[in-house]
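*Asks:* My structure is below; once you've seen it, I'll send some questions.
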Amino acid sequence: MKNLFRYLPIVLVTGVLAPVPASAQSRDISLDAGQWVASDSVRTESYLGRPSLYINRGVALARNVEMQDGTFEYDMAATPRTTFLGSVFRAKSPRFSEVIFFRPGSSGDPQSVQYGPAFNNLGVAWQIYQGDGANAVTTIPREQWVHVRVVLAGATARMYFGPDTAPLLVVPLLAGAGGTGLGVWAGAFGRGAYFSNIRYAPATEAVSAAPPPPMPAGTITSWELSDPIGPAEFSPTMLPDLSRLRWTHVSPEAAGFVLVNRYQEQPHASAPTNANQEILVDSVMTGKVEGSKIVYARTTIDAPRDEIRRLHYGYSDGVVIYANGRPLVFNMNPQGMRGLGAMEKAGDAVYLPLKRGRNEIVFAVIELGAGWAFWGRLDP
């Protein structure tokens with residue numbers, strides 16, 4: 001699979017990945033459904049011969065359980081209907097967490113294991129986090145208990161699957177949800193999963209990590225983000241009166257992209273299809289897909305003279321780029337139109353016709369679902 005995650009910096013501690021922290025004795029987490037805070041329904045029942053916690057969909061966080069660094073482990077079992085199952089950690093709330101999950105329906109392929117943040121949502125921004133450091137390949141059985149162990153150390157997470165002594169997935173730089181909660185996850189669309197033998201062991205020593213390396217050269221780091229609008233209010237050919245919008249100053253993630261999910265709730269729309277489930281490209285390319293949302297992101301570039309500058313950019317799921325109010329480029333790439341619809345880290349480019357002095361650059365970022373983000377880098 002093409003490496004879509006190659007610009008994600010690796011956090012170093014004394015020249016290596018953050019070490020596995022020494023942990024205290026494991027503590028069991030109750031399987032009593034009343035000891036969990038759930039976004040949907042959970043219940044305690046027997047499955048495959050053992051007591052277990054069943055979650056129908058969404059997230060369930062264990063009450064009065066907190067851990068920043070240490071080990072979180074559990075057994076999981078997918079039913080014949082399970083679509084997704086996994087765990088959340090460093091959760092601030094059921095709708096603000098880090099997630100490592102499994103796709104039984106993609107067992108054995110590059111999408112079988114997935115890391116990503118679920119911010120302002122129960123769903124993971126998986127289209128933004130792809131490739132090395134976000135995906136791994138394994139076989140995920142159904143109707144069978146499998147052991148999973150997640151070791152958290154600073155900005156790094158290591159996930160061990162089954163009896164393996166080497167991590168199946170190493171996430172070198174977690175997004176940072178800002179919490180300490182632990183829980184289980186079954187995805188926004190449900191179909192249920194079972195969990196048993198859930199326990200955790202907090203680290204006995206604090207893990208110190210060096211700052212991440214610099215962002216890619218030319219990364220635009222100062223942006224303002226508008227509140228979202230619907231497709232009925234959106235016109236790709238012209239900007240609205242920007243003074244009427246409410247703006248928030250935002251900063252890129254460590255890898256250089258702005259994760260809109262951190263600030264806004266993503267929609268759950270799908271690209272329109274015909275009776276054969278083929279994407280209706282002409283409808284998508286209007287930029288006005290039913291159920292989608294659009295945010296505007298603006299920044300300024302001060303030019304010493306009239307000049308042409310090349311801007312590299314990436315997006316999910318669509319973008320229109322304007323320079324001083326003039327639309328220059330329009331792209332759409334929702335899931336199914338060109339594969340997964342993952343945000344490219346290498347990106348595309350557009351030449352900006354800059355005038356001497358202050359220039360306003362605006363991105364209209366169009367989102368259907370599965371991760372909302374964009375980035376921009378200027379050539380010297």
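Quick note on naming: the chains in the structure tokens go A, B, ... in the order shown, residues restart at 1 in each chain, and ligands are numbered from 1 in order of appearance.
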I'd like the contact shell of region 195-208 of chain A - 10 Å cut-off, only C-alpha atoms, skipping same-chain residues fewer than 3 positions apart - returned as a PyMOL selection string.
*Replies:* chain A and resi 12-14+18-31+44+46-47+50-55+62+65-78+85-87+145-155+182-185+211
*Asks:* Got a sec: who's within 8 Å of Thr248 (chain A), counting only C-alpha atoms, leaving out chain neighbours fewer than 5 positions off, as a PyMOL selection string?
*Replies:* chain A and resi 224-226
*Asks:* So that I can see what lies close to region 271-279 of chain A, please list as number ranges by chain the residues with an atom at most 10 Å from it, counting only C-alpha atoms and leaving out residues fewer than 5 positions away in the same chain.
*Replies:* A: 284, 289-292, 333-338, 368-369
*Asks:* I want to know what sits within 8 Å of Ile140 (chain A), based on only C-alpha atoms, with residues of the same chain fewer than 6 positions away left out; could you give that as a PyMOL selection string?
*Replies:* chain A and resi 102-104+107-108+112
*Asks:* Please list as a list in words every residue within 7 Å of Phe96 (chain A), counting only C-alpha atoms and excluding residues in the same chain fewer than 2 positions away.
*Replies:*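 Returned residues: Ala91, Lys92, Ser93, Pro94, Ala118, Phe119, Asn120, Asn121 and Ala177 of chain A.
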*Asks:* Any chance you can output those residues with C-alpha atoms as a CSV table (one decimal), in the first residue's frame?
*Replies:*
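Listed below is the output, out-v3.csv:
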```csv
chain,number,residue,atom,x,y,z
A,91,ALA,CA,-10.3,9.5,26.5
A,92,LYS,CA,-11.6,12.8,27.7
A,93,SER,CA,-15.2,11.7,27.1
A,94,PRO,CA,-17.0,9.1,25.0
A,118,ALA,CA,-12.2,10.0,17.5
A,119,PHE,CA,-12.6,13.7,18.2
A,120,ASN,CA,-16.1,15.3,18.5
A,121,ASN,CA,-17.4,12.0,17.3
A,177,ALA,CA,-7.1,13.5,23.2
```
*Asks:* Measuring between only C-alpha atoms, which one of A:Asn56, A:Thr83, A:Asn261, A:Ser235 shows the shortest distance to Ser97 (chain A)?
*Replies:*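 Smallest distance to Ser97 (chain A) is found for A:Asn261.
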*Asks:* Please provide the set of residues having any atom within 10 Å of Glu367 (chain A), restricted to only C-alpha atoms, with same-chain residues fewer than 3 positions apart removed, written as a list of chain:residue names.
*Replies:* A:Pro228, A:Val260, A:Gln266, A:Pro267, A:His268, A:Ala269, A:Ser270, A:Gly287, A:Val289, A:Gly291, A:Ser292, A:Lys293, A:Ile294, A:Val295, A:Tyr315, A:Ser316, A:Asp317, A:Gly318, A:Val319, A:Met332, A:Asn333, A:Pro334, A:Ala364, A:Ala370, A:Gly371, A:Trp372, A:Ala373
*Asks:* Looking at A:Glu265, A:Glu360, A:Asp40, A:Asp109, which one is nearest to Ala60 (chain A), with distances taken over only C-alpha atoms?
*Replies:* A:Asp40
*Asks:* One decimal, in Å: what's the spacing between CA of Thr237 (chain A) and CA of Gly314 (chain A)?
*Replies:*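 We find that CA of Thr237 (chain A) and CA of Gly314 (chain A) lie 19.6 Å from each other.
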*Asks:* Kindly indicate which residue among A:Ala157, A:Leu245, A:Ile220, A:Ile366 lies nearest to Thr286 (chain A), using only C-alpha atoms for the distances.
*Replies:*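 The answer is A:Ile366, which sits nearest to Thr286 (chain A).
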*Asks:* Just asking: which residues within region 62-260 of chain A are helix (DSSP H, G or I) according to DSSP, as a list of chain:residue names?
*Replies:*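 The residues of region 62-260 of chain A classed as helix (DSSP H, G or I) are A:Pro104, A:Gly105, A:Ser106, A:Pro231, A:Ala232, A:Glu233, A:Leu242, A:Ser243, A:Arg244, A:Val260.
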*Asks:* Please dump the current selection as a JSON list (two decimals), in the first residue's frame; keep C-alpha atoms.
*Replies:*
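The new file result.json reads:
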```
[["chain", "number", "residue", "atom", "x", "y", "z"],
["A", 104, "PRO", "CA", -12.98, -8.30, 10.77],
["A", 105, "GLY", "CA", -14.41, -7.77, 7.29],
["A", 106, "SER", "CA", -10.95, -6.65, 6.14],
["A", 231, "PRO", "CA", -24.16, 22.47, 0.98],
["A", 232, "ALA", "CA", -27.22, 24.64, 0.29],
["A", 233, "GLU", "CA", -25.24, 27.68, 1.49],
["A", 242, "LEU", "CA", -16.42, 36.22, 5.36],
["A", 243, "SER", "CA", -17.13, 38.95, 7.91],
["A", 244, "ARG", "CA", -20.46, 37.26, 8.66],
["A", 260, "VAL", "CA", -10.86, 19.85, 11.67]]
```
*Asks:* For region 306-308 of chain A, find every residue with an atom within 8 Å (counting only C-alpha atoms), except residues of its own chain fewer than 6 positions away, and show them as a PyMOL selection string.
*Replies:* chain A and resi 351-356
*Asks:* What does the structure give for the distance between CA of Val320 (chain A) and CA of Phe363 (chain A), in Å to one decimal?
*Replies:*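 One can read the CA of Val320 (chain A) to CA of Phe363 (chain A) distance as 5.7 Å.
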*Asks:* Once DSSP has gone over the backbone, tell me which residues of region 211-339 of chain A are in strand (DSSP E or B), as a VMD selection string.
*Replies:* chain A and resid 219 223 to 226 229 247 to 250 258 to 259 273 279 293 to 303 307 to 316 318 to 323 326 to 332
*Asks:* Quick one, how far is CA of Gly347 (chain A) from CA of Ile128 (chain A)?
*Replies:*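 Distance between the two atoms: 12.6 Å.
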